[in-house]
Amino acid sequence: MTLLTRRTALISTLAFAGAFATGALADGLPKLAVKKTYKVGFAQTESNNPWRLAQTASMKAEAEKLGWQLVYTDAAGSAAKQVADVNSMIAQGVDAIFLSPREEKPLIPAVMAAKKAGIPLFLIDRGVDATLAKGGVDYVTFIGSDFLKEGTTAGENLVKIMGGKGIILELEGSTGSSPANDRKKGFDAVIAQNPGMKIVASQTGDFNRDKGRQVAEALLQAHPEANVIYAHNDEMAIGAISALEAAGKVPGKDVIVVSIDGEKDALQAIIDGKMAFSVECNPKFGPAAFAAAMSYAKGDTLPATMTNTDRFFDISNAKDSMADSY
Ligand code: GYE
């Protein structure tokens with residue numbers, strides 16, 4: 001053996017030993033054993049709207065169908081409580097965790113704690129800050145919608161409807177959440193390319209119907225010339241419709257309301273002519289989430305991001321889409 005090859009052999013032996021000394025697997029992710037049944041956690045972020053209730057129902061139904069035990073927690077809108085919820089699941093020794101992180105940064109410690117405890121964690125519906133934790137490295141995968149695309153789709157369709165002219169009020173989702181961040185980014189970029197359109201105010205309504213109503217009320221007073229409301233979710237859009245009606249304006253005529261999700265009340269608002277469209281963001285994660293866990297247990301390498309295919313609801317399909325809405 002020459003000196004050079006001996007050195008190379010030594011270095012690779014050290015690298016090999018190093019990988020095992022940390023207890024980490026080749027890709028750094030905890031494994032999931034193949035078992036007949038599992039005890040899994042689902043850490044929900046809040047339960048104050050139909051979207052969340054539909055998501056929880058879908059997760060519970062799938063667990064029941066498969067005969068898995070589901071440890072369910074509701075963080076009631078608090079990122080700090082959600083971190084504690086995940087820690088409690090770890091303490092209870094769940095096999096895997098499904099997490100819908102309320103905000104991008106505060107949930108990083110929860111993701112890392114699960115990894116450290118050797119429990120595979122799946123992000124569903126919302127993401128975490130990609131510079132601080134990575135799919136396929138720190139958590140198994142992110143399953144959810146493409147929020148940037150939702151924002152872009154909303155923007156492009158709005159430009160069409162308005163013929164390139166509009167004075168816009170934007171109601172943002174929960175501050176620091178991935179859907180709020182990306183729905184804003186995607187939409188604002190489209191509007192910036194249209195000189196006839198302007199966002200005159202953009203404020204959070206926390207994805208909440210009543211907060212959306214209150215914020216819309218204040219913004220309409222400050223900007224009576226506004227003729228568009230873009231809400232990051234249907235709940236806030238429904239709230240904004242109430243604010244418009246209370247202000248003596250006709251939603252759908254004086255002010256065009258557009259949104260994201262596709263909940264039943266929004267489809268009804270489209271049918272009633274009060275809302276122009278809602279870009280779909282489907283909350284029924286149960287089948288995809290549990291299937292991903294089973295495929296991971298079998299040893300499949302899942303992509304870092306698994307994107308849902310979503311539809312677009314307007315007057316052409318709102319009525320037909322009512323039946324499977326929530
Ligand atoms: O659009 C909203 C919910 O995280 C994608 O959160 C989800 C969003 C959804 O409260 O209605």
# chains A, B, ... in the order shown; residues from 1 in each chain; ligands from 1

call {"tool": "residues_around", "arguments": {"residues": "Ala180 of chain A", "least_positions_apart": "5", "cutoff": "9 Å", "atoms": "only C-alpha atoms", "output": "list in words"}}
result
Phe147, Glu172, Gly173, Ser174, Thr175, Lys185, Thr204, Asp206, Phe207 and His232 of chain A

call {"tool": "residues_near_ligand", "arguments": {"ligand": "ligand 1", "cutoff": "7 Å", "atoms": "only C-alpha atoms and all ligand atoms", "output": "PDB file with N, CA and C atoms, in the first residue's frame"}}
result
ATOM      1  N   ASN A  49     -61.928  26.960  13.119  1.00  0.00           N
ATOM      2  CA  ASN A  49     -62.546  27.203  11.801  1.00  0.00           C
ATOM      3  C   ASN A  49     -62.794  25.890  11.056  1.00  0.00           C
ATOM      4  N   TRP A  51     -61.867  24.729   8.232  1.00  0.00           N
ATOM      5  CA  TRP A  51     -60.696  24.099   7.591  1.00  0.00           C
ATOM      6  C   TRP A  51     -59.983  23.177   8.570  1.00  0.00           C
ATOM      7  N   ARG A  52     -59.736  23.707   9.784  1.00  0.00           N
ATOM      8  CA  ARG A  52     -59.047  22.924  10.812  1.00  0.00           C
ATOM      9  C   ARG A  52     -59.871  21.714  11.234  1.00  0.00           C
ATOM     10  N   ASP A 125     -49.550  20.193   5.986  1.00  0.00           N
ATOM     11  CA  ASP A 125     -50.262  21.448   5.721  1.00  0.00           C
ATOM     12  C   ASP A 125     -49.389  22.703   5.799  1.00  0.00           C
ATOM     13  N   ARG A 126     -48.647  22.944   6.870  1.00  0.00           N
ATOM     14  CA  ARG A 126     -47.772  24.120   6.914  1.00  0.00           C
ATOM     15  C   ARG A 126     -46.312  23.701   7.015  1.00  0.00           C
ATOM     16  N   PRO A 179     -48.166  29.584   5.067  1.00  0.00           N
ATOM     17  CA  PRO A 179     -49.143  30.006   4.054  1.00  0.00           C
ATOM     18  C   PRO A 179     -49.290  31.527   3.967  1.00  0.00           C
ATOM     19  N   PHE A 207     -55.999  34.570   9.950  1.00  0.00           N
ATOM     20  CA  PHE A 207     -56.776  33.466   9.360  1.00  0.00           C
ATOM     21  C   PHE A 207     -58.135  33.309  10.029  1.00  0.00           C
ATOM     22  N   HIS A 232     -56.179  35.919   2.598  1.00  0.00           N
ATOM     23  CA  HIS A 232     -55.361  34.713   2.534  1.00  0.00           C
ATOM     24  C   HIS A 232     -56.137  33.449   2.872  1.00  0.00           C
ATOM     25  N   ASN A 233     -57.360  33.596   3.401  1.00  0.00           N
ATOM     26  CA  ASN A 233     -58.217  32.406   3.527  1.00  0.00           C
ATOM     27  C   ASN A 233     -59.697  32.815   3.517  1.00  0.00           C
ATOM     28  N   ASP A 234     -60.536  31.802   3.316  1.00  0.00           N
ATOM     29  CA  ASP A 234     -61.978  32.045   3.189  1.00  0.00           C
ATOM     30  C   ASP A 234     -62.588  32.637   4.446  1.00  0.00           C
ATOM     31  N   GLU A 235     -62.123  32.177   5.606  1.00  0.00           N
ATOM     32  CA  GLU A 235     -62.706  32.679   6.856  1.00  0.00           C
ATOM     33  C   GLU A 235     -62.607  34.201   6.921  1.00  0.00           C
ATOM     34  N   ILE A 260     -58.750  32.120  -0.707  1.00  0.00           N
ATOM     35  CA  ILE A 260     -58.094  30.804  -0.819  1.00  0.00           C
ATOM     36  C   ILE A 260     -58.719  29.838   0.198  1.00  0.00           C
ATOM     37  N   ASP A 261     -58.910  28.607  -0.168  1.00  0.00           N
ATOM     38  CA  ASP A 261     -59.326  27.440   0.636  1.00  0.00           C
ATOM     39  C   ASP A 261     -60.396  26.608  -0.082  1.00  0.00           C
ATOM     40  N   CYS A 281     -57.346  25.016  -1.306  1.00  0.00           N
ATOM     41  CA  CYS A 281     -56.290  24.471  -0.442  1.00  0.00           C
ATOM     42  C   CYS A 281     -56.983  23.389   0.371  1.00  0.00           C
TER      43      CYS A 281
END

call {"tool": "select_by_dssp", "arguments": {"residues": "segment 83-193 of chain A", "states": "helix (DSSP H, G or I)", "output": "number ranges by chain"}}
result
A: 83-91, 108-116, 147-162, 178-192

call {"tool": "residues_around", "arguments": {"residues": "Asp95 of chain A", "least_positions_apart": "6", "cutoff": "7 Å", "atoms": "only C-alpha atoms", "output": "JSON, numbers by chain"}}
result
{"A": [38, 39, 40, 119]}

call {"tool": "residues_around", "arguments": {"residues": "Gln82 of chain A", "least_positions_apart": "4", "cutoff": "8 Å", "atoms": "only C-alpha atoms", "output": "list in words"}}
result
Ala43, Gln44, Thr45, Asp74, Ala75, Ser78, Val86, Pro101, Arg102 and Leu107 of chain A

call {"tool": "write_last_selection", "arguments": {"atoms": "all heavy atoms", "output": "mmCIF file, in the first residue's frame"}}
result
data_model
loop_
_atom_site.group_PDB
_atom_site.id
_atom_site.type_symbol
_atom_site.label_atom_id
_atom_site.label_comp_id
_atom_site.auth_asym_id
_atom_site.auth_seq_id
_atom_site.Cartn_x
_atom_site.Cartn_y
_atom_site.Cartn_z
ATOM 1 N N ALA A 43 -50.261 16.884 15.946
ATOM 2 C CA ALA A 43 -50.242 18.156 16.666
ATOM 3 C C ALA A 43 -50.908 19.229 15.807
ATOM 4 O O ALA A 43 -50.313 19.796 14.896
ATOM 5 C CB ALA A 43 -48.801 18.542 17.002
ATOM 6 N N GLN A 44 -52.171 19.482 16.130
ATOM 7 C CA GLN A 44 -52.974 20.473 15.398
ATOM 8 C C GLN A 44 -52.657 21.867 15.943
ATOM 9 O O GLN A 44 -52.315 22.019 17.118
ATOM 10 C CB GLN A 44 -54.456 20.100 15.560
ATOM 11 C CG GLN A 44 -55.460 21.042 14.939
ATOM 12 C CD GLN A 44 -55.289 21.209 13.433
ATOM 13 O OE1 GLN A 44 -54.374 21.892 12.965
ATOM 14 N NE2 GLN A 44 -56.181 20.595 12.661
ATOM 15 N N THR A 45 -52.824 22.883 15.106
ATOM 16 C CA THR A 45 -52.463 24.231 15.516
ATOM 17 C C THR A 45 -53.591 25.005 16.197
ATOM 18 O O THR A 45 -53.373 25.761 17.123
ATOM 19 C CB THR A 45 -51.865 25.022 14.326
ATOM 20 O OG1 THR A 45 -51.779 26.386 14.661
ATOM 21 C CG2 THR A 45 -52.685 24.901 13.075
ATOM 22 N N ASP A 74 -54.333 19.915 20.460
ATOM 23 C CA ASP A 74 -54.770 21.163 19.829
ATOM 24 C C ASP A 74 -54.041 22.316 20.527
ATOM 25 O O ASP A 74 -54.239 22.540 21.725
ATOM 26 C CB ASP A 74 -56.289 21.297 20.002
ATOM 27 C CG ASP A 74 -56.819 22.641 19.509
ATOM 28 O OD1 ASP A 74 -56.023 23.457 18.973
ATOM 29 O OD2 ASP A 74 -58.027 22.881 19.665
ATOM 30 N N ALA A 75 -53.197 23.024 19.777
ATOM 31 C CA ALA A 75 -52.378 24.085 20.381
ATOM 32 C C ALA A 75 -53.164 25.381 20.608
ATOM 33 O O ALA A 75 -52.609 26.343 21.141
ATOM 34 C CB ALA A 75 -51.158 24.359 19.504
ATOM 35 N N SER A 78 -51.477 28.676 19.808
ATOM 36 C CA SER A 78 -50.239 29.079 20.479
ATOM 37 C C SER A 78 -49.067 28.211 20.020
ATOM 38 O O SER A 78 -49.067 26.998 20.223
ATOM 39 C CB SER A 78 -50.410 28.958 21.999
ATOM 40 O OG SER A 78 -49.149 28.834 22.627
ATOM 41 N N VAL A 86 -45.766 18.659 21.203
ATOM 42 C CA VAL A 86 -44.867 17.713 20.518
ATOM 43 C C VAL A 86 -43.946 17.051 21.546
ATOM 44 O O VAL A 86 -43.726 15.836 21.506
ATOM 45 C CB VAL A 86 -44.057 18.420 19.404
ATOM 46 C CG1 VAL A 86 -42.964 17.499 18.849
ATOM 47 C CG2 VAL A 86 -44.988 18.880 18.276
ATOM 48 N N PRO A 101 -47.337 22.886 11.725
ATOM 49 C CA PRO A 101 -46.691 23.934 12.526
ATOM 50 C C PRO A 101 -47.370 25.287 12.375
ATOM 51 O O PRO A 101 -47.516 25.785 11.267
ATOM 52 C CB PRO A 101 -45.265 23.980 11.965
ATOM 53 C CG PRO A 101 -45.382 23.463 10.572
ATOM 54 C CD PRO A 101 -46.516 22.470 10.582
ATOM 55 N N ARG A 102 -47.768 25.879 13.482
ATOM 56 C CA ARG A 102 -48.472 27.159 13.413
ATOM 57 C C ARG A 102 -47.632 28.224 12.713
ATOM 58 O O ARG A 102 -48.117 28.929 11.862
ATOM 59 C CB ARG A 102 -48.856 27.634 14.812
ATOM 60 C CG ARG A 102 -49.533 28.990 14.757
ATOM 61 C CD ARG A 102 -50.215 29.393 16.026
ATOM 62 N NE ARG A 102 -50.475 30.815 16.006
ATOM 63 C CZ ARG A 102 -51.546 31.401 15.491
ATOM 64 N NH1 ARG A 102 -52.488 30.669 14.952
ATOM 65 N NH2 ARG A 102 -51.690 32.700 15.502
ATOM 66 N N LEU A 107 -41.544 26.632 15.684
ATOM 67 C CA LEU A 107 -41.730 25.175 15.783
ATOM 68 C C LEU A 107 -40.461 24.391 15.455
ATOM 69 O O LEU A 107 -40.448 23.151 15.559
ATOM 70 C CB LEU A 107 -42.897 24.738 14.892
ATOM 71 C CG LEU A 107 -44.269 24.682 15.592
ATOM 72 C CD1 LEU A 107 -44.249 23.690 16.759
ATOM 73 C CD2 LEU A 107 -44.709 26.035 16.118
#

call {"tool": "residues_around", "arguments": {"residues": "segment 110-117 of chain A", "least_positions_apart": "4", "cutoff": "7 Å", "atoms": "only C-alpha atoms", "output": "ChimeraX atom specification"}}
result
/A:29-30,83,86-87,90,121,138-139

call {"tool": "closest_residue", "arguments": {"among": "A:Gly166, A:Gly176, A:Gly212, A:Gly196", "to": "Lys105 of chain A", "atoms": "only C-alpha atoms"}}
result
A:Gly176

call {"tool": "select_by_dssp", "arguments": {"residues": "segment 114-249 of chain A", "states": "strand (DSSP E)", "output": "PyMOL selection string"}}
result
chain A and resi 121-124+142-144+166-172+197-204+228-231

call {"tool": "closest_residue", "arguments": {"among": "A:Ile229, A:Ala266, A:Val159, A:Ala154", "to": "Gly186 of chain A", "atoms": "only C-alpha atoms"}}
result
A:Ala154

call {"tool": "closest_residue", "arguments": {"among": "A:Ile315, A:Ala269, A:Leu99, A:Val215", "to": "Met59 of chain A", "atoms": "only C-alpha atoms"}}
result
A:Leu99

call {"tool": "closest_residue", "arguments": {"among": "A:Gly299, A:Gly273, A:Gly127, A:Gly67", "to": "Ile256 of chain A", "atoms": "only C-alpha atoms"}}
result
A:Gly273

call {"tool": "residues_around", "arguments": {"residues": "Asn48 of chain A", "least_positions_apart": "2", "cutoff": "9 Å", "atoms": "only C-alpha atoms", "output": "PyMOL selection string"}}
result
chain A and resi 46+50-53+76-77+208

call {"tool": "atom_distance", "arguments": {"atom1": "atom CA of Asp272 of chain A", "atom2": "atom CA of Asn227 of chain A"}}
result
18.3 Å

call {"tool": "closest_residue", "arguments": {"among": "A:Ala84, A:Lys60, A:Ala33, A:Ser47", "to": "Gly118 of chain A", "atoms": "only C-alpha atoms"}}
result
A:Ala33

call {"tool": "residues_around", "arguments": {"residues": "Tyr326 of chain A", "least_positions_apart": "5", "cutoff": "7 Å", "atoms": "only C-alpha atoms", "output": "list in words"}}
result
Pro50, Ala54, Glu263 and Lys264 of chain A

call {"tool": "write_last_selection", "arguments": {"atoms": "N, CA and C atoms", "output": "PDB file, in the first residue's frame"}}
result
ATOM      1  N   PRO A  50     -63.664  25.916  10.054  1.00  0.00           N
ATOM      2  CA  PRO A  50     -64.046  24.683   9.349  1.00  0.00           C
ATOM      3  C   PRO A  50     -62.867  23.951   8.697  1.00  0.00           C
ATOM      4  N   ALA A  54     -62.072  20.117   9.460  1.00  0.00           N
ATOM      5  CA  ALA A  54     -62.060  19.129   8.375  1.00  0.00           C
ATOM      6  C   ALA A  54     -60.732  18.371   8.359  1.00  0.00           C
ATOM      7  N   GLU A 263     -63.832  26.450   1.369  1.00  0.00           N
ATOM      8  CA  GLU A 263     -64.788  25.921   2.346  1.00  0.00           C
ATOM      9  C   GLU A 263     -66.215  26.192   1.876  1.00  0.00           C
ATOM     10  N   LYS A 264     -67.158  25.484   2.508  1.00  0.00           N
ATOM     11  CA  LYS A 264     -68.556  25.530   2.072  1.00  0.00           C
ATOM     12  C   LYS A 264     -69.115  26.962   2.042  1.00  0.00           C
TER      13      LYS A 264
END

call {"tool": "atom_distance", "arguments": {"atom1": "atom CA of Met322 of chain A", "atom2": "atom CA of Ala276 of chain A"}}
result
15.8 Å

call {"tool": "closest_residue", "arguments": {"among": "A:Ile124, A:Leu302, A:Met89, A:Tyr296", "to": "Thr73 of chain A", "atoms": "only C-alpha atoms"}}
result
A:Met89

call {"tool": "atom_distance", "arguments": {"atom1": "atom CA of Ala91 of chain A", "atom2": "atom CA of Pro106 of chain A"}}
result
19.7 Å

call {"tool": "decode", "arguments": {"residues": "segment 255-290 of chain A", "atoms": "N, CA and C atoms", "output": "PDB file, in the first residue's frame"}}
result
ATOM      1  N   VAL A 255     -67.023  46.087  -4.348  1.00  0.00           N
ATOM      2  CA  VAL A 255     -65.708  45.543  -3.971  1.00  0.00           C
ATOM      3  C   VAL A 255     -65.672  44.051  -4.337  1.00  0.00           C
ATOM      4  N   ILE A 256     -64.662  43.680  -5.115  1.00  0.00           N
ATOM      5  CA  ILE A 256     -64.481  42.281  -5.522  1.00  0.00           C
ATOM      6  C   ILE A 256     -63.703  41.548  -4.421  1.00  0.00           C
ATOM      7  N   VAL A 257     -64.235  40.415  -3.965  1.00  0.00           N
ATOM      8  CA  VAL A 257     -63.581  39.659  -2.886  1.00  0.00           C
ATOM      9  C   VAL A 257     -63.033  38.350  -3.458  1.00  0.00           C
ATOM     10  N   VAL A 258     -61.740  38.104  -3.243  1.00  0.00           N
ATOM     11  CA  VAL A 258     -61.129  36.853  -3.700  1.00  0.00           C
ATOM     12  C   VAL A 258     -60.345  36.229  -2.551  1.00  0.00           C
ATOM     13  N   SER A 259     -60.174  34.897  -2.623  1.00  0.00           N
ATOM     14  CA  SER A 259     -59.653  34.222  -1.448  1.00  0.00           C
ATOM     15  C   SER A 259     -59.060  32.846  -1.771  1.00  0.00           C
ATOM     16  N   ILE A 260     -58.750  32.120  -0.707  1.00  0.00           N
ATOM     17  CA  ILE A 260     -58.094  30.804  -0.819  1.00  0.00           C
ATOM     18  C   ILE A 260     -58.719  29.838   0.198  1.00  0.00           C
ATOM     19  N   ASP A 261     -58.910  28.607  -0.168  1.00  0.00           N
ATOM     20  CA  ASP A 261     -59.326  27.440   0.636  1.00  0.00           C
ATOM     21  C   ASP A 261     -60.396  26.608  -0.082  1.00  0.00           C
ATOM     22  N   GLY A 262     -61.623  27.173  -0.180  1.00  0.00           N
ATOM     23  CA  GLY A 262     -62.705  26.409  -0.789  1.00  0.00           C
ATOM     24  C   GLY A 262     -63.641  25.791   0.224  1.00  0.00           C
ATOM     25  N   GLU A 263     -63.832  26.450   1.369  1.00  0.00           N
ATOM     26  CA  GLU A 263     -64.788  25.921   2.346  1.00  0.00           C
ATOM     27  C   GLU A 263     -66.215  26.192   1.876  1.00  0.00           C
ATOM     28  N   LYS A 264     -67.158  25.484   2.508  1.00  0.00           N
ATOM     29  CA  LYS A 264     -68.556  25.530   2.072  1.00  0.00           C
ATOM     30  C   LYS A 264     -69.115  26.962   2.042  1.00  0.00           C
ATOM     31  N   ASP A 265     -68.857  27.729   3.094  1.00  0.00           N
ATOM     32  CA  ASP A 265     -69.374  29.106   3.149  1.00  0.00           C
ATOM     33  C   ASP A 265     -68.836  29.953   2.000  1.00  0.00           C
ATOM     34  N   ALA A 266     -67.614  29.665   1.573  1.00  0.00           N
ATOM     35  CA  ALA A 266     -67.029  30.425   0.463  1.00  0.00           C
ATOM     36  C   ALA A 266     -67.684  30.022  -0.858  1.00  0.00           C
ATOM     37  N   LEU A 267     -67.919  28.723  -1.023  1.00  0.00           N
ATOM     38  CA  LEU A 267     -68.590  28.268  -2.255  1.00  0.00           C
ATOM     39  C   LEU A 267     -69.981  28.900  -2.327  1.00  0.00           C
ATOM     40  N   GLN A 268     -70.647  28.977  -1.169  1.00  0.00           N
ATOM     41  CA  GLN A 268     -71.974  29.611  -1.127  1.00  0.00           C
ATOM     42  C   GLN A 268     -71.868  31.096  -1.485  1.00  0.00           C
ATOM     43  N   ALA A 269     -70.820  31.763  -0.975  1.00  0.00           N
ATOM     44  CA  ALA A 269     -70.622  33.191  -1.287  1.00  0.00           C
ATOM     45  C   ALA A 269     -70.372  33.387  -2.789  1.00  0.00           C
ATOM     46  N   ILE A 270     -69.689  32.429  -3.406  1.00  0.00           N
ATOM     47  CA  ILE A 270     -69.455  32.495  -4.866  1.00  0.00           C
ATOM     48  C   ILE A 270     -70.802  32.356  -5.583  1.00  0.00           C
ATOM     49  N   ILE A 271     -71.599  31.380  -5.149  1.00  0.00           N
ATOM     50  CA  ILE A 271     -72.925  31.152  -5.754  1.00  0.00           C
ATOM     51  C   ILE A 271     -73.790  32.411  -5.595  1.00  0.00           C
ATOM     52  N   ASP A 272     -73.672  33.064  -4.425  1.00  0.00           N
ATOM     53  CA  ASP A 272     -74.465  34.277  -4.148  1.00  0.00           C
ATOM     54  C   ASP A 272     -73.904  35.525  -4.826  1.00  0.00           C
ATOM     55  N   GLY A 273     -72.778  35.382  -5.522  1.00  0.00           N
ATOM     56  CA  GLY A 273     -72.188  36.529  -6.227  1.00  0.00           C
ATOM     57  C   GLY A 273     -71.396  37.471  -5.333  1.00  0.00           C
ATOM     58  N   LYS A 274     -71.132  37.037  -4.082  1.00  0.00           N
ATOM     59  CA  LYS A 274     -70.411  37.917  -3.153  1.00  0.00           C
ATOM     60  C   LYS A 274     -68.899  37.721  -3.211  1.00  0.00           C
ATOM     61  N   MET A 275     -68.482  36.573  -3.700  1.00  0.00           N
ATOM     62  CA  MET A 275     -67.045  36.277  -3.820  1.00  0.00           C
ATOM     63  C   MET A 275     -66.776  35.844  -5.252  1.00  0.00           C
ATOM     64  N   ALA A 276     -65.651  36.294  -5.827  1.00  0.00           N
ATOM     65  CA  ALA A 276     -65.379  35.964  -7.236  1.00  0.00           C
ATOM     66  C   ALA A 276     -64.789  34.561  -7.382  1.00  0.00           C
ATOM     67  N   PHE A 277     -63.809  34.244  -6.534  1.00  0.00           N
ATOM     68  CA  PHE A 277     -63.222  32.894  -6.610  1.00  0.00           C
ATOM     69  C   PHE A 277     -62.505  32.551  -5.315  1.00  0.00           C
ATOM     70  N   SER A 278     -62.236  31.255  -5.153  1.00  0.00           N
ATOM     71  CA  SER A 278     -61.394  30.782  -4.058  1.00  0.00           C
ATOM     72  C   SER A 278     -60.437  29.739  -4.634  1.00  0.00           C
ATOM     73  N   VAL A 279     -59.153  29.961  -4.468  1.00  0.00           N
ATOM     74  CA  VAL A 279     -58.141  28.998  -4.920  1.00  0.00           C
ATOM     75  C   VAL A 279     -58.143  27.864  -3.902  1.00  0.00           C
ATOM     76  N   GLU A 280     -58.291  26.634  -4.376  1.00  0.00           N
ATOM     77  CA  GLU A 280     -58.424  25.541  -3.403  1.00  0.00           C
ATOM     78  C   GLU A 280     -57.152  25.274  -2.605  1.00  0.00           C
ATOM     79  N   CYS A 281     -57.346  25.016  -1.306  1.00  0.00           N
ATOM     80  CA  CYS A 281     -56.290  24.471  -0.442  1.00  0.00           C
ATOM     81  C   CYS A 281     -56.983  23.389   0.371  1.00  0.00           C
ATOM     82  N   ASN A 282     -56.781  22.151  -0.013  1.00  0.00           N
ATOM     83  CA  ASN A 282     -57.559  21.041   0.542  1.00  0.00           C
ATOM     84  C   ASN A 282     -57.056  20.618   1.933  1.00  0.00           C
ATOM     85  N   PRO A 283     -57.958  20.556   2.921  1.00  0.00           N
ATOM     86  CA  PRO A 283     -57.537  20.200   4.287  1.00  0.00           C
ATOM     87  C   PRO A 283     -57.555  18.700   4.597  1.00  0.00           C
ATOM     88  N   LYS A 284     -58.009  17.868   3.645  1.00  0.00           N
ATOM     89  CA  LYS A 284     -58.216  16.452   3.984  1.00  0.00           C
ATOM     90  C   LYS A 284     -56.926  15.646   3.824  1.00  0.00           C
ATOM     91  N   PHE A 285     -56.076  15.736   4.851  1.00  0.00           N
ATOM     92  CA  PHE A 285     -54.729  15.172   4.779  1.00  0.00           C
ATOM     93  C   PHE A 285     -54.622  13.711   5.195  1.00  0.00           C
ATOM     94  N   GLY A 286     -55.660  13.190   5.836  1.00  0.00           N
ATOM     95  CA  GLY A 286     -55.548  11.847   6.422  1.00  0.00           C
ATOM     96  C   GLY A 286     -54.937  10.804   5.498  1.00  0.00           C
ATOM     97  N   PRO A 287     -55.579  10.511   4.350  1.00  0.00           N
ATOM     98  CA  PRO A 287     -55.067   9.447   3.482  1.00  0.00           C
ATOM     99  C   PRO A 287     -53.610   9.660   3.053  1.00  0.00           C
ATOM    100  N   ALA A 288     -53.258  10.880   2.635  1.00  0.00           N
ATOM    101  CA  ALA A 288     -51.886  11.129   2.163  1.00  0.00           C
ATOM    102  C   ALA A 288     -50.872  11.017   3.304  1.00  0.00           C
ATOM    103  N   ALA A 289     -51.241  11.539   4.484  1.00  0.00           N
ATOM    104  CA  ALA A 289     -50.298  11.543   5.609  1.00  0.00           C
ATOM    105  C   ALA A 289     -49.980  10.116   6.070  1.00  0.00           C
ATOM    106  N   PHE A 290     -51.026   9.314   6.262  1.00  0.00           N
ATOM    107  CA  PHE A 290     -50.796   7.957   6.758  1.00  0.00           C
ATOM    108  C   PHE A 290     -50.138   7.072   5.691  1.00  0.00           C
TER     109      PHE A 290
END
